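Next comes protein_28.txt, with compact mmCIF, C-alpha atoms.
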# COMPACT_ATOMS: atom_id res chain seq x y z
CA MET S 1 -9.30 10.51 16.79
CA ALA S 2 -11.60 13.21 15.44
CA VAL S 3 -15.15 12.13 14.81
CA ALA S 4 -15.90 11.90 11.10
CA PRO S 5 -18.59 14.50 10.27
CA GLU S 6 -20.54 11.80 8.42
CA MET S 7 -20.68 9.42 11.41
CA PRO S 8 -24.29 8.65 12.39
CA ALA S 9 -24.91 9.00 16.12
CA ASN S 10 -26.33 5.48 16.45
CA ILE S 11 -23.18 3.94 14.93
CA MET S 12 -20.95 6.17 17.07
CA ALA S 13 -22.79 5.06 20.21
CA PHE S 14 -22.69 1.37 19.30
CA PHE S 15 -18.91 0.91 19.29
CA ASP S 16 -16.31 1.52 21.99
CA THR S 17 -13.40 0.87 19.64
CA PRO S 18 -13.00 2.97 16.49
CA THR S 19 -11.24 1.83 13.32
CA PRO S 20 -7.49 2.43 13.76
CA GLU S 21 -6.07 5.45 11.96
CA ALA S 22 -3.42 3.20 10.36
CA TRP S 23 -6.13 1.13 8.64
CA LEU S 24 -7.74 4.29 7.23
CA VAL S 25 -4.41 5.45 5.80
CA GLU S 26 -3.80 2.01 4.29
CA ALA S 27 -7.30 1.84 2.81
CA SER S 28 -6.99 5.29 1.22
CA ASN S 29 -3.86 4.03 -0.53
CA ARG S 30 -5.27 0.68 -1.62
CA VAL S 31 -8.58 1.63 -3.19
CA PRO S 32 -8.62 -1.11 -5.87
CA GLU S 33 -8.26 -3.84 -3.21
CA LEU S 34 -10.74 -2.02 -0.99
CA LEU S 35 -13.35 -2.02 -3.76
CA LEU S 36 -12.72 -5.66 -4.64
CA ASP S 37 -13.18 -6.79 -1.05
CA HIS S 38 -16.13 -4.45 -0.61
CA ALA S 39 -17.91 -6.00 -3.62
CA ASN S 40 -17.24 -9.44 -2.15
CA CYS S 41 -18.61 -8.29 1.23
CA GLU S 42 -21.86 -7.02 -0.30
CA LEU S 43 -22.38 -10.35 -2.05
CA LYS S 44 -21.62 -12.29 1.13
CA ALA S 45 -23.95 -10.02 3.11
CA ALA S 46 -26.74 -10.79 0.62
CA SER S 47 -26.06 -14.51 0.92
CA THR S 48 -26.02 -14.30 4.71
CA ALA S 49 -29.38 -12.53 4.70
CA LEU S 50 -30.79 -15.20 2.37
CA GLY S 51 -29.48 -17.85 4.76
CA PHE S 52 -32.10 -16.68 7.28
CA LEU S 53 -34.84 -17.30 4.68
CA TYR S 54 -33.68 -20.89 4.25
CA ARG S 55 -33.03 -21.59 7.94
CA TYR S 56 -36.07 -19.88 9.48
CA PRO S 57 -38.62 -19.94 6.61
CA ASP S 58 -41.74 -19.73 8.78
CA ARG S 59 -40.72 -16.53 10.64
CA THR S 60 -42.49 -14.10 8.34
CA GLU S 61 -41.23 -10.80 9.76
CA LEU S 62 -37.63 -11.97 9.90
CA VAL S 63 -37.87 -13.44 6.40
CA GLN S 64 -39.44 -10.34 4.86
CA ARG S 65 -36.86 -8.03 6.41
CA MET S 66 -33.91 -10.24 5.46
CA SER S 67 -35.18 -10.54 1.90
CA ARG S 68 -35.32 -6.74 1.64
CA LEU S 69 -31.83 -6.47 3.15
CA ALA S 70 -30.54 -9.03 0.65
CA ARG S 71 -31.99 -6.94 -2.20
CA GLU S 72 -30.32 -3.84 -0.88
CA GLU S 73 -26.94 -5.56 -0.50
CA LEU S 74 -27.25 -6.89 -4.06
CA ARG S 75 -27.96 -3.41 -5.36
CA HIS S 76 -24.83 -2.17 -3.60
CA PHE S 77 -22.87 -5.12 -4.98
CA GLU S 78 -23.96 -4.05 -8.48
CA GLN S 79 -22.95 -0.45 -7.77
CA VAL S 80 -19.47 -1.44 -6.58
CA ARG S 81 -19.11 -3.73 -9.60
CA SER S 82 -20.06 -0.82 -11.87
CA ILE S 83 -17.42 1.41 -10.28
CA MET S 84 -14.86 -1.40 -10.65
CA ALA S 85 -15.82 -1.85 -14.30
CA GLU S 86 -15.41 1.88 -14.93
CA LEU S 87 -11.97 1.73 -13.32
CA GLN S 88 -11.21 -1.44 -15.33
CA LEU S 89 -10.58 -3.40 -12.13
CA PRO S 90 -11.13 -7.15 -12.56
CA PHE S 91 -13.37 -8.94 -10.09
CA GLU S 92 -12.51 -12.19 -8.37
CA ARG S 93 -13.93 -14.10 -5.43
CA LEU S 94 -11.90 -13.72 -2.25
CA THR S 95 -11.48 -16.23 0.56
CA ALA S 96 -13.10 -15.40 3.91
CA SER S 97 -11.27 -12.72 5.88
CA ARG S 98 -10.02 -13.23 9.45
CA TYR S 99 -12.87 -10.95 10.56
CA ALA S 100 -15.75 -12.85 8.96
CA GLY S 101 -14.21 -16.23 9.69
CA SER S 102 -13.64 -15.50 13.38
CA LEU S 103 -17.10 -14.04 13.90
CA ARG S 104 -18.65 -17.02 12.16
CA GLU S 105 -16.67 -19.38 14.41
CA ALA S 106 -18.04 -17.58 17.46
CA VAL S 107 -21.63 -18.51 16.52
CA ARG S 108 -22.82 -21.23 18.88
CA LYS S 109 -24.23 -24.44 17.37
CA GLU S 110 -27.43 -24.94 19.39
CA GLU S 111 -30.69 -23.03 18.97
CA PRO S 112 -31.77 -20.48 20.03
CA GLN S 113 -28.17 -19.38 20.77
CA LYS S 114 -27.28 -19.96 17.14
CA LEU S 115 -29.96 -17.56 15.87
CA LEU S 116 -29.03 -15.03 18.55
CA ASP S 117 -25.34 -15.15 17.63
CA MET S 118 -26.04 -14.95 13.89
CA LEU S 119 -28.15 -11.84 14.48
CA LEU S 120 -25.67 -10.18 16.83
CA THR S 121 -22.67 -10.85 14.58
CA GLY S 122 -24.78 -9.61 11.66
CA ALA S 123 -25.41 -6.40 13.60
CA LEU S 124 -21.71 -5.97 14.35
CA ILE S 125 -20.68 -6.48 10.72
CA GLU S 126 -23.33 -4.06 9.45
CA ALA S 127 -22.46 -1.41 12.04
CA ARG S 128 -18.69 -1.73 11.50
CA SER S 129 -19.16 -1.40 7.75
CA CYS S 130 -21.00 1.86 8.34
CA GLU S 131 -18.37 3.10 10.77
CA ARG S 132 -15.74 2.50 8.09
CA PHE S 133 -17.87 4.09 5.33
CA ALA S 134 -18.19 7.21 7.49
CA ARG S 135 -14.49 7.45 8.32
CA LEU S 136 -13.33 6.58 4.81
CA ALA S 137 -15.67 8.83 2.83
CA PRO S 138 -13.79 12.12 3.48
CA ARG S 139 -10.46 10.48 2.57
CA LEU S 140 -11.50 9.14 -0.83
CA ALA S 141 -11.70 10.83 -4.23
CA PRO S 142 -14.91 12.95 -4.38
CA LEU S 143 -17.07 10.59 -6.48
CA LEU S 144 -16.11 7.54 -4.46
CA GLY S 145 -16.50 9.44 -1.19
CA LYS S 146 -19.98 10.48 -2.27
CA PHE S 147 -20.82 6.87 -3.10
CA TYR S 148 -19.67 5.72 0.35
CA LYS S 149 -21.74 8.43 2.02
CA GLY S 150 -24.74 7.20 0.05
CA LEU S 151 -24.16 3.62 1.22
CA LEU S 152 -23.89 4.87 4.76
CA ALA S 153 -27.23 6.65 4.51
CA SER S 154 -28.77 3.48 3.13
CA GLU S 155 -27.23 1.00 5.59
CA ALA S 156 -26.89 2.94 8.84
CA ARG S 157 -30.02 1.39 10.35
CA HIS S 158 -29.46 -2.21 9.26
CA PHE S 159 -27.70 -3.18 12.48
CA GLU S 160 -30.69 -1.97 14.49
CA HIS S 161 -32.94 -4.38 12.60
CA TYR S 162 -30.58 -7.22 13.53
CA ILE S 163 -30.59 -6.16 17.20
CA ALA S 164 -34.38 -5.84 17.22
CA PHE S 165 -34.74 -9.38 15.85
CA ALA S 166 -32.26 -10.67 18.43
CA LYS S 167 -34.69 -9.34 21.05
CA SER S 168 -37.92 -10.48 19.38
CA GLU S 169 -37.06 -13.83 17.75
CA CYS S 170 -34.87 -15.81 20.14
CA GLY S 171 -36.88 -16.10 23.35
CA ILE S 172 -33.76 -15.15 25.32
CA ASP S 173 -34.02 -12.56 28.09
CA GLU S 174 -32.60 -9.14 27.45
CA ALA S 175 -29.90 -9.32 30.13
CA ALA S 176 -28.44 -12.47 28.54
CA ILE S 177 -28.62 -10.84 25.09
CA ASP S 178 -26.78 -7.76 26.36
CA GLU S 179 -24.14 -9.94 28.00
CA ARG S 180 -23.56 -11.88 24.79
CA LEU S 181 -23.42 -8.64 22.79
CA VAL S 182 -20.67 -7.34 25.11
CA GLU S 183 -18.65 -10.55 24.54
CA LEU S 184 -19.04 -10.39 20.78
CA LYS S 185 -18.21 -6.66 20.74
CA GLN S 186 -14.94 -7.44 22.52
CA LEU S 187 -14.09 -10.10 19.93
CA GLU S 188 -15.01 -7.72 17.11
CA ALA S 189 -12.95 -4.88 18.57
CA ALA S 190 -9.91 -7.18 18.74
CA LEU S 191 -10.39 -8.27 15.12
CA ILE S 192 -10.48 -4.72 13.75
CA SER S 193 -7.64 -3.40 15.90
CA GLU S 194 -5.06 -6.17 16.34
CA PRO S 195 -2.24 -6.47 13.78
CA ASP S 196 -3.42 -8.16 10.58
CA ALA S 197 -1.20 -9.41 7.75
CA GLN S 198 -4.05 -9.25 5.25
CA PHE S 199 -5.66 -6.01 4.03
CA ARG S 200 -9.43 -6.24 3.76
CA PHE S 201 -12.51 -4.09 4.28
CA HIS S 202 -12.75 -5.42 7.84
CA SER S 203 -9.07 -6.12 8.55
CA GLY S 204 -7.13 -5.06 11.66
CA THR S 205 -4.18 -2.70 12.06
CA PRO S 206 -1.85 -3.12 9.06
CA LEU S 207 1.48 -4.72 9.91
CA MET E 1 -57.26 -23.94 -26.25
CA ALA E 2 -58.14 -20.27 -26.57
CA VAL E 3 -55.23 -17.89 -26.21
CA ALA E 4 -55.32 -16.04 -22.90
CA PRO E 5 -55.77 -12.33 -23.60
CA GLU E 6 -52.86 -11.57 -21.28
CA MET E 7 -50.40 -13.85 -23.10
CA PRO E 8 -47.38 -11.90 -24.35
CA ALA E 9 -46.55 -12.66 -28.00
CA ASN E 10 -42.93 -13.59 -27.20
CA ILE E 11 -44.02 -16.21 -24.65
CA MET E 12 -46.70 -17.53 -27.03
CA ALA E 13 -44.12 -17.89 -29.80
CA PHE E 14 -41.56 -19.59 -27.55
CA PHE E 15 -43.58 -22.71 -26.65
CA ASP E 16 -45.15 -25.38 -28.83
CA THR E 17 -46.91 -27.03 -25.89
CA PRO E 18 -49.35 -25.03 -23.77
CA THR E 19 -50.18 -25.74 -20.13
CA PRO E 20 -52.90 -28.43 -20.05
CA GLU E 21 -56.42 -27.22 -19.30
CA ALA E 22 -56.67 -29.81 -16.50
CA TRP E 23 -53.73 -28.20 -14.67
CA LEU E 24 -55.38 -24.77 -14.90
CA VAL E 25 -58.61 -26.13 -13.43
CA GLU E 26 -56.66 -27.84 -10.64
CA ALA E 27 -54.62 -24.72 -9.88
CA SER E 28 -57.74 -22.53 -9.70
CA ASN E 29 -59.07 -24.90 -7.04
CA ARG E 30 -55.84 -25.19 -5.04
CA VAL E 31 -54.80 -21.57 -4.59
CA PRO E 32 -53.19 -21.99 -1.13
CA GLU E 33 -50.86 -24.72 -2.45
CA LEU E 34 -50.26 -22.72 -5.61
CA LEU E 35 -49.15 -19.69 -3.59
CA LEU E 36 -46.95 -21.77 -1.29
CA ASP E 37 -45.13 -23.38 -4.20
CA HIS E 38 -44.99 -20.07 -6.04
CA ALA E 39 -43.26 -18.39 -3.07
CA ASN E 40 -40.80 -21.29 -2.97
CA CYS E 41 -40.19 -20.93 -6.73
CA GLU E 42 -39.39 -17.22 -6.43
CA LEU E 43 -36.87 -17.93 -3.67
CA LYS E 44 -35.29 -20.74 -5.68
CA ALA E 45 -35.17 -18.53 -8.77
CA ALA E 46 -33.32 -15.87 -6.76
CA SER E 47 -30.87 -18.49 -5.47
CA THR E 48 -30.34 -19.84 -8.99
CA ALA E 49 -29.60 -16.34 -10.27
CA LEU E 50 -27.12 -15.82 -7.41
CA GLY E 51 -25.48 -19.11 -8.32
CA PHE E 52 -24.27 -17.48 -11.55
CA LEU E 53 -22.55 -14.74 -9.48
CA TYR E 54 -20.64 -17.36 -7.50
CA ARG E 55 -19.82 -19.62 -10.45
CA TYR E 56 -18.91 -17.00 -13.07
CA PRO E 57 -17.83 -14.02 -10.93
CA ASP E 58 -15.64 -12.36 -13.57
CA ARG E 59 -18.34 -12.14 -16.28
CA THR E 60 -19.51 -8.64 -15.45
CA GLU E 61 -22.53 -8.37 -17.76
CA LEU E 62 -23.88 -11.78 -16.75
CA VAL E 63 -23.27 -11.05 -13.08
CA GLN E 64 -24.93 -7.64 -13.14
CA ARG E 65 -28.00 -8.95 -14.95
CA MET E 66 -28.34 -12.00 -12.70
CA SER E 67 -27.99 -9.83 -9.58
CA ARG E 68 -30.83 -7.62 -10.84
CA LEU E 69 -32.93 -10.69 -11.65
CA ALA E 70 -32.27 -12.07 -8.15
CA ARG E 71 -33.49 -8.80 -6.65
CA GLU E 72 -36.64 -8.91 -8.72
CA GLU E 73 -37.37 -12.53 -7.77
CA LEU E 74 -36.84 -11.65 -4.09
CA ARG E 75 -39.28 -8.76 -4.38
CA HIS E 76 -41.85 -11.14 -5.84
CA PHE E 77 -41.09 -13.66 -3.09
CA GLU E 78 -41.88 -10.95 -0.54
CA GLN E 79 -45.10 -10.06 -2.36
CA VAL E 80 -46.30 -13.67 -2.42
CA ARG E 81 -45.36 -14.03 1.25
CA SER E 82 -47.41 -10.90 2.04
CA ILE E 83 -50.44 -12.32 0.25
CA MET E 84 -49.98 -15.60 2.12
CA ALA E 85 -49.72 -13.72 5.43
CA GLU E 86 -52.93 -11.82 4.66
CA LEU E 87 -54.67 -15.12 3.91
CA GLN E 88 -53.10 -16.61 7.07
CA LEU E 89 -51.41 -19.34 5.05
CA PRO E 90 -48.30 -20.75 6.75
CA PHE E 91 -45.09 -20.94 4.77
CA GLU E 92 -42.82 -23.98 4.60
CA ARG E 93 -39.95 -25.02 2.39
CA LEU E 94 -40.91 -27.57 -0.25
CA THR E 95 -38.72 -30.28 -1.77
CA ALA E 96 -37.71 -29.88 -5.42
CA SER E 97 -40.52 -30.60 -7.86
CA ARG E 98 -40.28 -33.17 -10.67
CA TYR E 99 -40.01 -30.23 -13.07
CA ALA E 100 -37.07 -28.44 -11.45
CA GLY E 101 -35.32 -31.68 -10.53
CA SER E 102 -35.54 -33.14 -14.05
CA LEU E 103 -34.39 -29.93 -15.73
CA ARG E 104 -31.48 -29.69 -13.32
CA GLU E 105 -30.51 -33.30 -14.07
CA ALA E 106 -30.45 -32.45 -17.77
CA VAL E 107 -27.69 -29.87 -17.26
CA ARG E 108 -24.43 -31.32 -18.58
CA LYS E 109 -21.40 -31.39 -16.27
CA GLU E 110 -18.64 -29.97 -18.50
CA GLU E 111 -18.13 -26.34 -19.46
CA PRO E 112 -19.18 -24.58 -21.60
CA GLN E 113 -22.13 -27.01 -22.01
CA LYS E 114 -22.94 -26.60 -18.32
CA LEU E 115 -23.33 -22.83 -18.59
CA LEU E 116 -25.32 -23.19 -21.81
CA ASP E 117 -27.70 -25.71 -20.23
CA MET E 118 -28.12 -23.65 -17.07
CA LEU E 119 -29.04 -20.62 -19.17
CA LEU E 120 -31.41 -22.53 -21.46
CA THR E 121 -33.20 -24.29 -18.61
CA GLY E 122 -33.37 -20.92 -16.83
CA ALA E 123 -35.04 -19.48 -19.94
CA LEU E 124 -37.54 -22.34 -20.07
CA ILE E 125 -38.48 -22.03 -16.40
CA GLU E 126 -38.91 -18.25 -16.68
CA ALA E 127 -40.96 -18.49 -19.86
CA ARG E 128 -43.18 -21.30 -18.54
CA SER E 129 -43.84 -19.35 -15.36
CA CYS E 130 -45.05 -16.44 -17.48
CA GLU E 131 -47.17 -18.70 -19.66
CA ARG E 132 -48.87 -19.99 -16.50
CA PHE E 133 -49.25 -16.49 -15.02
CA ALA E 134 -51.03 -15.42 -18.23
CA ARG E 135 -53.37 -18.40 -18.38
CA LEU E 136 -54.07 -18.41 -14.64
CA ALA E 137 -54.70 -14.69 -14.14
CA PRO E 138 -58.23 -14.62 -15.64
CA ARG E 139 -59.24 -17.66 -13.55
CA LEU E 140 -58.22 -16.29 -10.17
CA ALA E 141 -60.02 -13.94 -7.77
CA PRO E 142 -59.63 -10.34 -9.04
CA LEU E 143 -56.90 -9.15 -6.66
CA LEU E 144 -54.81 -12.27 -7.13
CA GLY E 145 -55.39 -12.20 -10.89
CA LYS E 146 -54.21 -8.61 -10.97
CA PHE E 147 -51.10 -9.57 -9.00
CA TYR E 148 -50.30 -12.37 -11.47
CA LYS E 149 -50.75 -9.99 -14.40
CA GLY E 150 -48.30 -7.63 -12.72
CA LEU E 151 -45.75 -10.41 -12.29
CA LEU E 152 -46.21 -11.30 -15.93
CA ALA E 153 -45.50 -7.73 -17.01
CA SER E 154 -42.40 -7.73 -14.84
CA GLU E 155 -41.03 -11.14 -15.82
CA ALA E 156 -42.09 -11.60 -19.46
CA ARG E 157 -38.68 -10.63 -20.82
CA HIS E 158 -36.51 -12.55 -18.36
CA PHE E 159 -36.28 -15.63 -20.57
CA GLU E 160 -34.94 -13.48 -23.42
CA HIS E 161 -32.06 -12.33 -21.22
CA TYR E 162 -31.21 -15.97 -20.54
CA ILE E 163 -31.31 -16.80 -24.26
CA ALA E 164 -29.18 -13.76 -25.11
CA PHE E 165 -26.54 -14.85 -22.58
CA ALA E 166 -26.63 -18.40 -23.97
CA LYS E 167 -25.62 -16.85 -27.30
CA SER E 168 -23.06 -14.37 -25.96
CA GLU E 169 -21.36 -16.18 -23.05
CA CYS E 170 -20.78 -19.81 -24.06
CA GLY E 171 -18.70 -19.65 -27.25
CA ILE E 172 -21.00 -22.26 -28.80
CA ASP E 173 -22.27 -21.74 -32.34
CA GLU E 174 -25.87 -20.75 -32.78
CA ALA E 175 -26.91 -23.92 -34.64
CA ALA E 176 -25.74 -26.08 -31.72
CA ILE E 177 -27.52 -23.77 -29.26
CA ASP E 178 -30.76 -24.02 -31.23
CA GLU E 179 -30.45 -27.79 -31.38
CA ARG E 180 -29.95 -28.04 -27.62
CA LEU E 181 -32.86 -25.69 -27.02
CA VAL E 182 -35.12 -27.95 -29.10
CA GLU E 183 -34.06 -30.96 -26.98
CA LEU E 184 -34.66 -29.15 -23.71
CA LYS E 185 -38.01 -27.79 -24.94
CA GLN E 186 -39.12 -31.35 -25.63
CA LEU E 187 -38.14 -32.43 -22.11
CA GLU E 188 -39.88 -29.39 -20.63
CA ALA E 189 -43.04 -30.01 -22.64
CA ALA E 190 -43.18 -33.59 -21.36
CA LEU E 191 -42.73 -32.44 -17.76
CA ILE E 192 -45.61 -29.95 -17.89
CA SER E 193 -47.99 -32.22 -19.80
CA GLU E 194 -47.41 -35.81 -18.65
CA PRO E 195 -49.42 -37.14 -15.68
CA ASP E 196 -48.03 -35.92 -12.37
CA ALA E 197 -48.99 -37.20 -8.92
CA GLN E 198 -47.80 -33.99 -7.24
CA PHE E 199 -49.48 -30.59 -7.68
CA ARG E 200 -46.99 -27.76 -8.06
CA PHE E 201 -46.62 -24.48 -9.94
CA HIS E 202 -44.78 -26.35 -12.72
CA SER E 203 -46.41 -29.78 -12.39
CA GLY E 204 -47.85 -31.86 -15.23
CA THR E 205 -51.40 -33.00 -15.93
CA PRO E 206 -53.10 -33.85 -12.61
CA LEU E 207 -53.80 -37.57 -12.16

Have the structure of the file written as structure tokens, please.
Amino acid sequence: MAVAPEMPANIMAFFDTPTPEAWLVEASNRVPELLLDHANCELKAASTALGFLYRYPDRTELVQRMSRLAREELRHFEQVRSIMAELQLPFERLTASRYAGSLREAVRKEEPQKLLDMLLTGALIEARSCERFARLAPRLAPLLGKFYKGLLASEARHFEHYIAFAKSECGIDEAAIDERLVELKQLEAALISEPDAQFRFHSGTPL
Amino acid sequence: MAVAPEMPANIMAFFDTPTPEAWLVEASNRVPELLLDHANCELKAASTALGFLYRYPDRTELVQRMSRLAREELRHFEQVRSIMAELQLPFERLTASRYAGSLREAVRKEEPQKLLDMLLTGALIEARSCERFARLAPRLAPLLGKFYKGLLASEARHFEHYIAFAKSECGIDEAAIDERLVELKQLEAALISEPDAQFRFHSGTPL
């Protein structure tokens, strides 16, 4: 697959498995559903970031960064909602996708593995979103494509914050972190590439 | 009690019962606890605003406004956390205060009364916070007083958004809304003026 000209080098280097071409074709043809799920994803991303504030309230650096991330995701949520309102697309809450549900299930229950896994899955979700923004942008109508490029510029470094906190906050040695990241990357790659009956922002290859 | 020079006219006009002088004296002498509870209040306010997004997702105007309010409360949370970090004050989550707990209990369970009560109690909490910012600011150290004046400028119109939504979103006639607001104002006035064993940002007269 050709590299999208908008793809940031750090995102490109992070993933071994690109979004399947068939998903990109499907997404270009299902923009209303794409936007609806995207709005839902931004809201969920904000809530996930706030979850760190409630679960680890005394970790000032983590809390301050996650609060800023939550604000940014909320601003993007509002922007997607505005585009949906202009297009007269109704909003509704969606159930968790296979992608988010499976990654959440992979988070271990005991600390500090729980924090590590939450941060690493957060990194994967942020990075994959950017990878899809970059590949989708040239295939969308100009205004929407421009909007997605803007989101990409704004979010392309989020995953690095998550990775940095995985290294600084968990007290787990770097080799073990890298090993866990490889495992979770394999799971994530399967989720975005295996056949998927449901179309979502992070779904797999369309059936 | 003399009117604080910083008190916005709309806040002044909204309340019949001012913050007791004894609370202001107490708060000026317990700044670390004030800041800790204040940070907690900003986080809870953000979560409350987000609750509207989850509960009433299809009401675009309400959702967009509440998302913006949540972002603003999170920014203030970060600012209070920064001040606490500079003063080397540790952060911890606090249990619900008498004030927040009692107002929450007053929210009726059935719609549209539930939405109305959530909006009216939201207005009361926002307005009371501003009333206390205005009265506290001149009593605090200059930098902190300036920060509280800034928050006041930023938040002084929040309660009016809540009241406007109470009128536009609930399908309840204005006389019934006014009547309910009078009831909730009486409850709120009791909570901020009756003796209170616990010191909090919204506590009553210190024992």

Write out as JSON lines a residue-level contact list of chain E versus chain S with cut-off 8 Å: for each qualifying residue the closest pair of atoms and the distance in Å to one decimal, counting all atoms listed in the file, rows sorted by chain and residue number upward.
{"residue": "E:Tyr54", "atom": "CA", "partner": "S:Arg93", "partner_atom": "CA", "distance": 7.7}
{"residue": "E:Pro57", "atom": "CA", "partner": "S:Glu92", "partner_atom": "CA", "distance": 6.2}
{"residue": "E:Asp58", "atom": "CA", "partner": "S:Phe91", "partner_atom": "CA", "distance": 5.4}
{"residue": "E:Thr60", "atom": "CA", "partner": "S:Arg81", "partner_atom": "CA", "distance": 7.6}
{"residue": "E:Gln64", "atom": "CA", "partner": "S:Glu78", "partner_atom": "CA", "distance": 6.0}
{"residue": "E:Ser67", "atom": "CA", "partner": "S:Leu74", "partner_atom": "CA", "distance": 6.3}
{"residue": "E:Arg68", "atom": "CA", "partner": "S:Arg75", "partner_atom": "CA", "distance": 7.5}
{"residue": "E:Ala70", "atom": "CA", "partner": "S:Arg71", "partner_atom": "CA", "distance": 7.9}
{"residue": "E:Arg71", "atom": "CA", "partner": "S:Arg71", "partner_atom": "CA", "distance": 5.1}
{"residue": "E:Leu74", "atom": "CA", "partner": "S:Ser67", "partner_atom": "CA", "distance": 6.3}
{"residue": "E:Arg75", "atom": "CA", "partner": "S:Arg68", "partner_atom": "CA", "distance": 7.5}
{"residue": "E:Glu78", "atom": "CA", "partner": "S:Gln64", "partner_atom": "CA", "distance": 6.0}
{"residue": "E:Arg81", "atom": "CA", "partner": "S:Thr60", "partner_atom": "CA", "distance": 7.6}
{"residue": "E:Ala85", "atom": "CA", "partner": "S:Thr60", "partner_atom": "CA", "distance": 7.8}
{"residue": "E:Pro90", "atom": "CA", "partner": "S:Asp58", "partner_atom": "CA", "distance": 6.9}
{"residue": "E:Phe91", "atom": "CA", "partner": "S:Asp58", "partner_atom": "CA", "distance": 5.4}
{"residue": "E:Glu92", "atom": "CA", "partner": "S:Asp58", "partner_atom": "CA", "distance": 6.1}
{"residue": "E:Arg93", "atom": "CA", "partner": "S:Pro57", "partner_atom": "CA", "distance": 6.7}

Writing out the chosen residues with C-alpha atoms as a PDB file, in the frame of the given file:
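Below is the file that was written, result_38.pdb:
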ATOM      1  CA  TYR E  54     -20.640 -17.360  -7.500  1.00  0.00           C
ATOM      2  CA  PRO E  57     -17.830 -14.020 -10.930  1.00  0.00           C
ATOM      3  CA  ASP E  58     -15.640 -12.360 -13.570  1.00  0.00           C
ATOM      4  CA  THR E  60     -19.510  -8.640 -15.450  1.00  0.00           C
ATOM      5  CA  GLN E  64     -24.930  -7.640 -13.140  1.00  0.00           C
ATOM      6  CA  SER E  67     -27.990  -9.830  -9.580  1.00  0.00           C
ATOM      7  CA  ARG E  68     -30.830  -7.620 -10.840  1.00  0.00           C
ATOM      8  CA  ALA E  70     -32.270 -12.070  -8.150  1.00  0.00           C
ATOM      9  CA  ARG E  71     -33.490  -8.800  -6.650  1.00  0.00           C
ATOM     10  CA  LEU E  74     -36.840 -11.650  -4.090  1.00  0.00           C
ATOM     11  CA  ARG E  75     -39.280  -8.760  -4.380  1.00  0.00           C
ATOM     12  CA  GLU E  78     -41.880 -10.950  -0.540  1.00  0.00           C
ATOM     13  CA  ARG E  81     -45.360 -14.030   1.250  1.00  0.00           C
ATOM     14  CA  ALA E  85     -49.720 -13.720   5.430  1.00  0.00           C
ATOM     15  CA  PRO E  90     -48.300 -20.750   6.750  1.00  0.00           C
ATOM     16  CA  PHE E  91     -45.090 -20.940   4.770  1.00  0.00           C
ATOM     17  CA  GLU E  92     -42.820 -23.980   4.600  1.00  0.00           C
ATOM     18  CA  ARG E  93     -39.950 -25.020   2.390  1.00  0.00           C
TER      19      ARG E  93
END

* To do: List the neighbours of stretch 128-136 of chain S out to 8 Å using all atoms listed in the file; skip same-chain residues closer than 3 positions along the sequence, and give me the result as an MDAnalysis selection string.
  => chainID S and resid 4:8 11:12 18:19 24 27:28 124:125 139:140 145 148:149 151:152 155:156 201:202

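Atom pair atom CA of E:Asp37 / atom CA of E:Tyr162 has a distance of 22.7 Å (rounded to one decimal).
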
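For S:Leu181, the list of residues within 12 Å, based on all atoms listed in the file and with local chain neighbours fewer than 3 positions off taken out, reads Phe14, Phe15, Ala106, Val107, Gln113, Leu116, Asp117, Met118, Leu119, Leu120, Thr121, Gly122, Ala123, Leu124, Tyr162, Ile163, Ala166, Lys167, Glu174, Ala175, Ala176, Ile177, Asp178, Leu184, Lys185, Gln186, Leu187, Glu188 and Ala189 of chain S.
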
Residues of the last selection are to be written out with C-alpha atoms, as an mmCIF file, keeping the file's coordinate frame.
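That gives us result.cif:
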data_model
loop_
_atom_site.group_PDB
_atom_site.id
_atom_site.type_symbol
_atom_site.label_atom_id
_atom_site.label_comp_id
_atom_site.auth_asym_id
_atom_site.auth_seq_id
_atom_site.Cartn_x
_atom_site.Cartn_y
_atom_site.Cartn_z
ATOM 1 C CA PHE S 14 -22.690 1.370 19.300
ATOM 2 C CA PHE S 15 -18.910 0.910 19.290
ATOM 3 C CA ALA S 106 -18.040 -17.580 17.460
ATOM 4 C CA VAL S 107 -21.630 -18.510 16.520
ATOM 5 C CA GLN S 113 -28.170 -19.380 20.770
ATOM 6 C CA LEU S 116 -29.030 -15.030 18.550
ATOM 7 C CA ASP S 117 -25.340 -15.150 17.630
ATOM 8 C CA MET S 118 -26.040 -14.950 13.890
ATOM 9 C CA LEU S 119 -28.150 -11.840 14.480
ATOM 10 C CA LEU S 120 -25.670 -10.180 16.830
ATOM 11 C CA THR S 121 -22.670 -10.850 14.580
ATOM 12 C CA GLY S 122 -24.780 -9.610 11.660
ATOM 13 C CA ALA S 123 -25.410 -6.400 13.600
ATOM 14 C CA LEU S 124 -21.710 -5.970 14.350
ATOM 15 C CA TYR S 162 -30.580 -7.220 13.530
ATOM 16 C CA ILE S 163 -30.590 -6.160 17.200
ATOM 17 C CA ALA S 166 -32.260 -10.670 18.430
ATOM 18 C CA LYS S 167 -34.690 -9.340 21.050
ATOM 19 C CA GLU S 174 -32.600 -9.140 27.450
ATOM 20 C CA ALA S 175 -29.900 -9.320 30.130
ATOM 21 C CA ALA S 176 -28.440 -12.470 28.540
ATOM 22 C CA ILE S 177 -28.620 -10.840 25.090
ATOM 23 C CA ASP S 178 -26.780 -7.760 26.360
ATOM 24 C CA LEU S 184 -19.040 -10.390 20.780
ATOM 25 C CA LYS S 185 -18.210 -6.660 20.740
ATOM 26 C CA GLN S 186 -14.940 -7.440 22.520
ATOM 27 C CA LEU S 187 -14.090 -10.100 19.930
ATOM 28 C CA GLU S 188 -15.010 -7.720 17.110
ATOM 29 C CA ALA S 189 -12.950 -4.880 18.570
#
